[in-house]
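Quick look at my_file-v1.cif (mmCIF, C-alpha atoms and all ligand atoms):
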```
data_data
loop_
_atom_site.label_atom_id
_atom_site.label_comp_id
_atom_site.auth_asym_id
_atom_site.auth_seq_id
_atom_site.Cartn_x
_atom_site.Cartn_y
_atom_site.Cartn_z
CA ILE M 1 5.56 -48.32 -22.02
CA THR M 2 6.63 -46.97 -25.44
CA LEU M 3 6.49 -43.46 -24.04
CA ASP M 4 8.76 -44.49 -21.18
CA THR M 5 11.34 -46.12 -23.46
CA GLU M 6 11.25 -43.24 -25.91
CA ILE M 7 11.59 -40.55 -23.22
CA ARG M 8 14.60 -42.31 -21.74
CA LYS M 9 16.20 -42.49 -25.19
CA ALA M 10 15.39 -38.82 -25.78
CA ILE M 11 17.08 -37.88 -22.51
CA GLU M 12 20.15 -39.90 -23.46
CA HIS M 13 20.39 -38.14 -26.83
CA ARG M 14 19.37 -34.69 -25.48
CA ASP M 15 16.61 -34.84 -28.05
CA PHE M 16 14.52 -31.97 -26.69
CA GLU M 17 14.34 -28.58 -28.35
CA LEU M 18 13.25 -25.20 -27.14
CA TYR M 19 10.86 -22.97 -29.03
CA TYR M 20 10.55 -19.33 -28.06
CA GLN M 21 7.61 -16.97 -27.93
CA PRO M 22 8.14 -13.19 -27.68
CA LYS M 23 6.68 -11.02 -24.92
CA VAL M 24 5.74 -7.57 -26.10
CA ASN M 25 5.51 -4.32 -24.12
CA ILE M 26 2.27 -2.92 -25.56
CA LYS M 27 2.88 0.64 -24.43
CA LYS M 28 6.21 0.83 -26.24
CA ASN M 29 5.55 -1.81 -28.91
CA LYS M 30 8.84 -3.41 -27.92
CA ILE M 31 9.87 -7.02 -27.43
CA ILE M 32 11.22 -7.42 -23.93
CA GLY M 33 11.81 -11.14 -23.58
CA LEU M 34 11.15 -14.67 -24.74
CA GLU M 35 9.45 -17.63 -23.12
CA ALA M 36 11.16 -20.96 -23.75
CA LEU M 37 8.78 -23.87 -24.36
CA VAL M 38 10.06 -27.41 -24.72
CA ARG M 39 9.35 -29.44 -27.85
CA TRP M 40 10.00 -33.12 -28.47
CA LYS M 41 9.87 -34.72 -31.89
CA ASN M 42 10.13 -38.49 -31.74
CA ASP M 43 10.78 -40.82 -34.73
CA LYS M 44 7.84 -43.07 -33.92
CA LEU M 45 5.45 -40.81 -32.05
CA GLY M 46 5.94 -37.56 -33.98
CA PHE M 47 5.67 -34.31 -32.01
CA VAL M 48 4.66 -35.19 -28.48
CA SER M 49 3.10 -32.26 -26.62
CA PRO M 50 4.72 -31.20 -23.34
CA ALA M 51 1.18 -31.25 -21.95
CA GLU M 52 1.49 -35.02 -22.40
CA PHE M 53 5.09 -35.88 -21.61
CA ILE M 54 5.81 -33.36 -18.81
CA PRO M 55 3.15 -34.84 -16.47
CA TYR M 56 4.52 -38.32 -17.23
CA ALA M 57 8.08 -37.12 -16.62
CA GLU M 58 6.95 -35.60 -13.33
CA GLU M 59 5.38 -38.87 -12.19
CA THR M 60 8.49 -40.85 -13.01
CA GLY M 61 11.12 -38.37 -11.87
CA LEU M 62 12.44 -38.07 -15.41
CA ILE M 63 11.56 -34.38 -15.21
CA ILE M 64 14.87 -33.80 -13.40
CA PRO M 65 17.19 -34.79 -16.28
CA ILE M 66 14.77 -33.16 -18.76
CA SER M 67 14.83 -29.89 -16.79
CA GLU M 68 18.60 -30.04 -16.80
CA ILE M 69 18.62 -30.38 -20.60
CA ILE M 70 16.11 -27.52 -20.95
CA LEU M 71 18.21 -25.19 -18.83
CA GLU M 72 21.42 -26.10 -20.65
CA LYS M 73 19.82 -25.55 -24.05
CA ALA M 74 18.45 -22.19 -22.89
CA CYS M 75 21.99 -21.18 -21.84
CA GLU M 76 23.38 -22.31 -25.21
CA GLU M 77 20.72 -20.41 -27.13
CA LEU M 78 21.01 -17.32 -24.97
CA ALA M 79 24.57 -17.13 -26.31
CA VAL M 80 23.19 -17.37 -29.87
CA LEU M 81 20.75 -14.55 -29.12
CA ARG M 82 23.53 -12.39 -27.67
CA MET M 83 25.78 -13.11 -30.69
CA ALA M 84 22.94 -11.89 -32.94
CA GLY M 85 23.11 -8.55 -31.11
CA TYR M 86 20.17 -8.84 -28.72
CA SER M 87 21.92 -7.91 -25.51
CA LYS M 88 18.95 -7.26 -23.24
CA LEU M 89 16.24 -9.82 -24.01
CA SER M 90 15.65 -12.25 -21.18
CA ILE M 91 14.62 -15.88 -21.51
CA SER M 92 11.85 -17.27 -19.29
CA ILE M 93 12.03 -20.86 -18.21
CA ASN M 94 9.07 -22.87 -16.93
CA ILE M 95 10.02 -24.71 -13.78
CA SER M 96 8.11 -27.86 -12.87
CA SER M 97 6.92 -28.04 -9.28
CA ILE M 98 8.66 -31.39 -8.89
CA HIS M 99 11.96 -29.85 -9.93
CA PHE M 100 11.40 -26.78 -7.78
CA GLN M 101 10.79 -28.92 -4.72
CA GLN M 102 14.02 -30.91 -5.12
CA GLN M 103 16.37 -30.25 -2.25
CA ASN M 104 19.27 -29.40 -4.54
CA PHE M 105 17.18 -27.27 -6.94
CA LEU M 106 19.09 -24.04 -6.23
CA GLU M 107 22.50 -25.68 -6.38
CA SER M 108 21.75 -27.45 -9.65
CA ILE M 109 20.51 -24.29 -11.31
CA GLN M 110 23.56 -22.31 -10.13
CA LYS M 111 25.90 -25.02 -11.32
CA THR M 112 24.40 -24.87 -14.81
CA LEU M 113 24.74 -21.07 -14.95
CA GLU M 114 28.38 -21.37 -13.92
CA LYS M 115 29.02 -24.07 -16.48
CA TYR M 116 27.81 -21.73 -19.22
CA ASN M 117 29.45 -18.69 -17.67
CA THR M 118 26.16 -16.81 -17.62
CA SER M 119 24.21 -15.04 -14.91
CA ALA M 120 20.71 -15.19 -13.50
CA GLN M 121 20.02 -11.63 -14.74
CA ASN M 122 19.50 -13.11 -18.20
CA PHE M 123 16.62 -15.30 -17.07
CA GLU M 124 13.15 -15.32 -15.65
CA ILE M 125 11.65 -18.22 -13.82
CA GLU M 126 7.99 -19.10 -14.28
CA VAL M 127 6.32 -21.07 -11.53
CA THR M 128 2.68 -22.03 -11.38
CA GLU M 129 0.24 -21.43 -8.59
CA ARG M 130 0.44 -25.14 -7.84
CA THR M 131 4.17 -24.84 -7.20
CA VAL M 132 3.91 -22.00 -4.73
CA MET M 133 0.94 -23.54 -2.90
CA ASN M 134 3.18 -26.34 -1.68
CA SER M 135 5.08 -26.06 1.59
CA GLU M 136 5.14 -22.36 2.15
CA GLU M 137 8.34 -21.89 4.16
CA ASP M 138 10.46 -23.79 1.71
CA THR M 139 8.85 -22.00 -1.24
CA ILE M 140 9.47 -18.55 0.19
CA ARG M 141 13.08 -19.43 1.01
CA LYS M 142 13.72 -20.66 -2.52
CA LEU M 143 11.99 -17.75 -4.23
CA VAL M 144 13.88 -15.23 -2.10
CA ARG M 145 17.14 -16.96 -2.91
CA LEU M 146 16.34 -16.96 -6.65
CA LYS M 147 15.66 -13.22 -6.44
CA GLN M 148 18.97 -12.68 -4.62
CA LEU M 149 20.74 -14.56 -7.37
CA GLY M 150 19.22 -12.12 -9.88
CA PHE M 151 16.35 -14.05 -11.47
CA LYS M 152 13.07 -12.32 -12.22
CA LEU M 153 10.09 -14.36 -11.04
CA SER M 154 6.70 -14.91 -12.65
CA ILE M 155 3.56 -16.59 -11.43
CA ASP M 156 2.24 -18.49 -14.44
CA ASP M 157 -1.31 -19.46 -15.45
CA PHE M 158 -2.73 -17.11 -12.85
CA GLY M 159 -6.39 -17.75 -12.12
CA THR M 160 -6.39 -21.48 -12.78
CA GLY M 161 -5.12 -22.56 -9.37
CA TYR M 162 -6.11 -21.88 -5.82
CA SER M 163 -3.95 -18.97 -4.85
CA SER M 164 -5.20 -15.47 -4.23
CA LEU M 165 -3.44 -12.17 -4.63
CA SER M 166 -3.35 -11.71 -0.89
CA TYR M 167 -1.49 -15.01 -0.68
CA LEU M 168 0.89 -14.08 -3.48
CA VAL M 169 1.91 -10.88 -1.77
CA ARG M 170 4.11 -12.95 0.51
CA PHE M 171 6.25 -14.06 -2.42
CA PRO M 172 8.81 -11.80 -4.11
CA LEU M 173 7.19 -11.95 -7.57
CA ASP M 174 7.92 -9.57 -10.44
CA TYR M 175 5.32 -10.66 -13.00
CA LEU M 176 1.85 -12.12 -12.96
CA LYS M 177 0.78 -13.98 -16.09
CA ILE M 178 -2.97 -14.06 -16.61
CA ASP M 179 -4.00 -17.46 -17.92
CA ARG M 180 -5.19 -17.55 -21.50
CA SER M 181 -8.59 -18.96 -20.50
CA PHE M 182 -9.43 -15.47 -19.14
CA ILE M 183 -8.13 -13.71 -22.22
CA HIS M 184 -10.03 -15.94 -24.64
CA HIS M 185 -13.48 -14.44 -24.03
CA ILE M 186 -12.39 -10.99 -23.00
CA VAL M 187 -13.92 -9.37 -26.10
CA ASN M 188 -17.40 -10.88 -25.72
CA LEU M 189 -17.92 -11.51 -22.05
CA ASP M 190 -18.24 -8.60 -19.65
CA ASP M 191 -17.65 -10.77 -16.59
CA LYS M 192 -14.30 -12.01 -17.97
CA GLN M 193 -13.39 -8.41 -18.68
CA ALA M 194 -14.21 -7.43 -15.13
CA VAL M 195 -12.06 -10.25 -13.73
CA VAL M 196 -9.07 -9.40 -15.93
CA ASP M 197 -9.40 -5.70 -15.12
CA ALA M 198 -9.49 -6.48 -11.39
CA ILE M 199 -6.46 -8.78 -11.62
CA ILE M 200 -4.45 -6.10 -13.44
CA GLN M 201 -5.32 -3.34 -10.98
CA MET M 202 -4.61 -5.50 -7.93
CA ALA M 203 -1.35 -6.86 -9.35
CA HIS M 204 -0.21 -3.28 -9.95
CA ARG M 205 -1.08 -2.34 -6.38
CA LEU M 206 1.12 -5.24 -5.30
CA ASN M 207 3.96 -3.97 -7.50
CA MET M 208 3.77 -6.73 -10.06
CA LYS M 209 3.80 -6.22 -13.82
CA VAL M 210 1.10 -8.08 -15.73
CA ILE M 211 1.51 -10.32 -18.77
CA ALA M 212 -1.58 -11.45 -20.70
CA GLU M 213 -1.15 -14.89 -22.27
CA GLY M 214 -2.84 -16.36 -25.30
CA VAL M 215 -3.57 -13.06 -27.03
CA GLU M 216 -4.79 -13.73 -30.56
CA SER M 217 -6.52 -10.56 -31.78
CA ILE M 218 -6.11 -6.80 -31.99
CA GLN M 219 -9.46 -6.40 -30.20
CA GLN M 220 -8.02 -8.23 -27.21
CA ILE M 221 -4.92 -6.04 -27.29
CA ASN M 222 -6.98 -2.85 -27.38
CA ILE M 223 -9.00 -3.91 -24.35
CA LEU M 224 -5.90 -5.00 -22.45
CA ARG M 225 -4.09 -1.76 -23.29
CA GLU M 226 -7.00 0.25 -21.98
CA MET M 227 -6.89 -1.75 -18.75
CA GLY M 228 -3.20 -0.92 -18.35
CA CYS M 229 -1.85 -4.42 -19.00
CA ASP M 230 1.95 -4.22 -19.36
CA TYR M 231 2.91 -7.09 -21.62
CA ILE M 232 1.31 -9.37 -24.20
CA GLN M 233 2.17 -12.86 -25.30
CA GLY M 234 0.29 -14.85 -27.90
CA TYR M 235 -0.26 -16.04 -31.45
CA TYR M 236 -1.21 -12.49 -32.46
CA PHE M 237 2.52 -11.69 -32.47
CA SER M 238 4.02 -15.15 -32.87
CA LYS M 239 3.65 -18.82 -32.05
CA PRO M 240 6.58 -20.34 -30.20
CA ILE M 241 9.36 -20.79 -32.83
CA PRO M 242 12.94 -22.09 -32.87
CA MET M 243 15.77 -19.65 -32.02
CA ASP M 244 16.96 -19.17 -35.62
CA GLU M 245 13.44 -18.23 -36.76
CA LEU M 246 13.02 -16.07 -33.68
CA ILE M 247 16.12 -14.08 -34.57
CA GLU M 248 14.68 -13.48 -38.07
CA PHE M 249 11.43 -12.39 -36.43
CA LEU M 250 13.32 -9.93 -34.21
CA GLN M 251 15.14 -8.47 -37.21
CA LEU M 252 11.86 -7.91 -39.07
CA TRP M 253 10.27 -6.36 -36.00
CA GLU M 254 12.78 -3.50 -35.78
O1 LIG M 301 3.90 -24.98 -25.31
P1 LIG M 301 2.62 -25.76 -25.05
O2 LIG M 301 1.30 -25.07 -25.09
O3 LIG M 301 2.58 -26.94 -25.95
O4 LIG M 301 2.80 -26.30 -23.56
C1 LIG M 301 1.90 -27.16 -22.97
C2 LIG M 301 2.15 -27.22 -21.49
O5 LIG M 301 3.49 -27.68 -21.22
C3 LIG M 301 2.03 -25.86 -20.81
O6 LIG M 301 1.37 -26.06 -19.58
C4 LIG M 301 3.44 -25.47 -20.56
O7 LIG M 301 3.59 -24.67 -19.40
C5 LIG M 301 4.16 -26.79 -20.38
N1 LIG M 301 5.56 -26.62 -20.77
C6 LIG M 301 6.01 -26.23 -21.98
N2 LIG M 301 7.35 -26.13 -21.98
C7 LIG M 301 7.76 -26.46 -20.74
C8 LIG M 301 9.04 -26.53 -20.09
O8 LIG M 301 10.10 -26.24 -20.67
N3 LIG M 301 9.06 -26.94 -18.80
C9 LIG M 301 7.94 -27.24 -18.12
N4 LIG M 301 8.06 -27.62 -16.85
N5 LIG M 301 6.71 -27.16 -18.66
C10 LIG M 301 6.61 -26.78 -19.97
O1 LIG M 302 1.36 -23.15 -19.23
P1 LIG M 302 2.02 -22.13 -20.07
O2 LIG M 302 1.41 -20.79 -19.93
O3 LIG M 302 3.52 -22.08 -19.92
O4 LIG M 302 1.75 -22.58 -21.57
C1 LIG M 302 2.08 -21.83 -22.65
C2 LIG M 302 1.47 -22.50 -23.84
O5 LIG M 302 0.46 -21.67 -24.44
C3 LIG M 302 2.48 -22.77 -24.92
O6 LIG M 302 2.52 -24.11 -25.14
C4 LIG M 302 1.98 -22.10 -26.16
O7 LIG M 302 2.09 -22.97 -27.27
C5 LIG M 302 0.53 -21.80 -25.84
N1 LIG M 302 0.14 -20.54 -26.43
C6 LIG M 302 0.91 -19.45 -26.58
N2 LIG M 302 0.23 -18.44 -27.17
C7 LIG M 302 -1.00 -18.91 -27.43
C8 LIG M 302 -2.17 -18.32 -28.02
O8 LIG M 302 -2.19 -17.17 -28.46
N3 LIG M 302 -3.27 -19.12 -28.10
C9 LIG M 302 -3.28 -20.39 -27.63
N4 LIG M 302 -4.40 -21.08 -27.75
N5 LIG M 302 -2.21 -20.97 -27.05
C10 LIG M 302 -1.08 -20.24 -26.94
NA NA M 303 4.76 -20.50 -18.85
MN MN M 304 1.03 -19.83 -18.68
#
```
Just give me the structure as structure tokens.
Ligand code: G
Ligand code: G
Ligand code: NA
Ligand code: MN
Amino acid sequence: ITLDTEIRKAIEHRDFELYYQPKVNIKKNKIIGLEALVRWKNDKLGFVSPAEFIPYAEETGLIIPISEIILEKACEELAVLRMAGYSKLSISINISSIHFQQQNFLESIQKTLEKYNTSAQNFEIEVTERTVMNSEEDTIRKLVRLKQLGFKLSIDDFGTGYSSLSYLVRFPLDYLKIDRSFIHHIVNLDDKQAVVDAIIQMAHRLNMKVIAEGVESIQQINILREMGCDYIQGYYFSKPIPMDELIEFLQLWE
């Protein structure tokens, strides 16, 4: 009950923030984009993890106004990033399956882009396996439309759901993100290594670029580089941080 009251207040006050985590091209040692991750700090509850409040927001439908706030803040902070001189970096947004399945999902997203006078080329959309497993026709239609608008598309947390690569080939996806549970043991466990290697090779055959999530050590990077993984995301480079800190991070990186 407290959570419900507090979330509604937070929506009213647009009290959600975005933190950003860089994605690094390991062949070129270059930052190519940022993933936006929502953060909520509440007076009474402290930092509430999105792992906690997003599922609740999905159950109650509050995810719709929250998603709206997230997208608007991403547009506002994209302008900050561009002002700081970073003209090419894209921002990835995680889209909840509940939001994705809304009938007016495409219209609402386009309206927000127009409101901020920005284009889809600046953004990537991350959907989970769970999202694309629902109602195939509608999913394909929406993903194709998002691609036509200019968004890049990622399948997130790959390996944790029920999809297979042969299934994914029907969707117009640009990136496959290998879930961090596979990356975690990649240094010690040969079977994890074999799975990650196989995912990378198959994704490449299907013309997708591969992003490894949750990378925390140089040993993991070396193995992933050898396997031909394209991009890395994880604490090894940076935790998710607010946009002002991220801009400082980018300046130090160069
Ligand atoms: O960033 P963190 O590890 O705390 O995120 C926990 C979970 O919340 C992850 O599954 C992540 O995908 C999800 N999450 C984080 N930010 C967002 C967001 O902006 N939108 C949605 N739909 N999910 C998010
Ligand atoms: O579900 P999704 O992949 O969007 O969730 C991303 C979450 O993973 C973020 O909340 C972020 O805080 C977390 N994360 C990012 N990098 C690392 C990492 O290197 N290690 C761990 N354990 N978590 C990470
Ligand atoms: Na994600
Ligand atoms: Mn993920």
As AutoDock Vina command-line options, please report the centre and edge lengths, rounded to one decimal in Å, of the axis-aligned box that holds all listed atoms of ligand LIG 301 (chain M) with 6 Å of padding on each of the six sides.
```
--center_x 5.7 --center_y -26.2 --center_z -21.4 --size_x 20.8 --size_y 15.0 --size_z 21.1
```
Exercise. Determine, counting all atoms listed in the file, which protein, DNA and RNA residues have an atom within 10 Å of an atom of Tyr20 of chain M; residues of the same chain fewer than 5 positions away are not included. Present the result as a PyMOL selection string.
Key: chain M and resi 33-38+74+91-92+238-246
Could you list, as a PDB file with C-alpha atoms, keeping the file's coordinate frame, all residues that come within 8 Å of ligand LIG 302 (chain M)? Count all atoms listed in the file.
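Output below, filename out-v4.pdb:
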```pdb
ATOM      1  CA  GLN M  21       7.610 -16.970 -27.930  1.00  0.00           C
ATOM      2  CA  LEU M  37       8.780 -23.870 -24.360  1.00  0.00           C
ATOM      3  CA  PRO M  50       4.720 -31.200 -23.340  1.00  0.00           C
ATOM      4  CA  ALA M  51       1.180 -31.250 -21.950  1.00  0.00           C
ATOM      5  CA  ASN M  94       9.070 -22.870 -16.930  1.00  0.00           C
ATOM      6  CA  GLU M 126       7.990 -19.100 -14.280  1.00  0.00           C
ATOM      7  CA  ASP M 156       2.240 -18.490 -14.440  1.00  0.00           C
ATOM      8  CA  ASP M 157      -1.310 -19.460 -15.450  1.00  0.00           C
ATOM      9  CA  LYS M 177       0.780 -13.980 -16.090  1.00  0.00           C
ATOM     10  CA  ASP M 179      -4.000 -17.460 -17.920  1.00  0.00           C
ATOM     11  CA  ARG M 180      -5.190 -17.550 -21.500  1.00  0.00           C
ATOM     12  CA  GLU M 213      -1.150 -14.890 -22.270  1.00  0.00           C
ATOM     13  CA  GLY M 214      -2.840 -16.360 -25.300  1.00  0.00           C
ATOM     14  CA  VAL M 215      -3.570 -13.060 -27.030  1.00  0.00           C
ATOM     15  CA  GLU M 216      -4.790 -13.730 -30.560  1.00  0.00           C
ATOM     16  CA  GLN M 233       2.170 -12.860 -25.300  1.00  0.00           C
ATOM     17  CA  GLY M 234       0.290 -14.850 -27.900  1.00  0.00           C
ATOM     18  CA  TYR M 235      -0.260 -16.040 -31.450  1.00  0.00           C
ATOM     19  CA  TYR M 236      -1.210 -12.490 -32.460  1.00  0.00           C
ATOM     20  CA  SER M 238       4.020 -15.150 -32.870  1.00  0.00           C
ATOM     21  CA  LYS M 239       3.650 -18.820 -32.050  1.00  0.00           C
ATOM     22  CA  PRO M 240       6.580 -20.340 -30.200  1.00  0.00           C
TER      23      PRO M 240
END
```
Quiz item: So, counting only C-alpha atoms, which residue among M:Val144, M:Val80, M:Ile109, M:Ile232 is closest to Ser67 of chain M?
Solution: M:Ile109
Self-check item: Selected residue of minimal separation from Leu45 of chain M among M:Thr2, M:Leu78, M:Glu17, M:Lys23, counting only C-alpha atoms
Solution: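 So, comparing all the options, the nearest one is M:Thr2.
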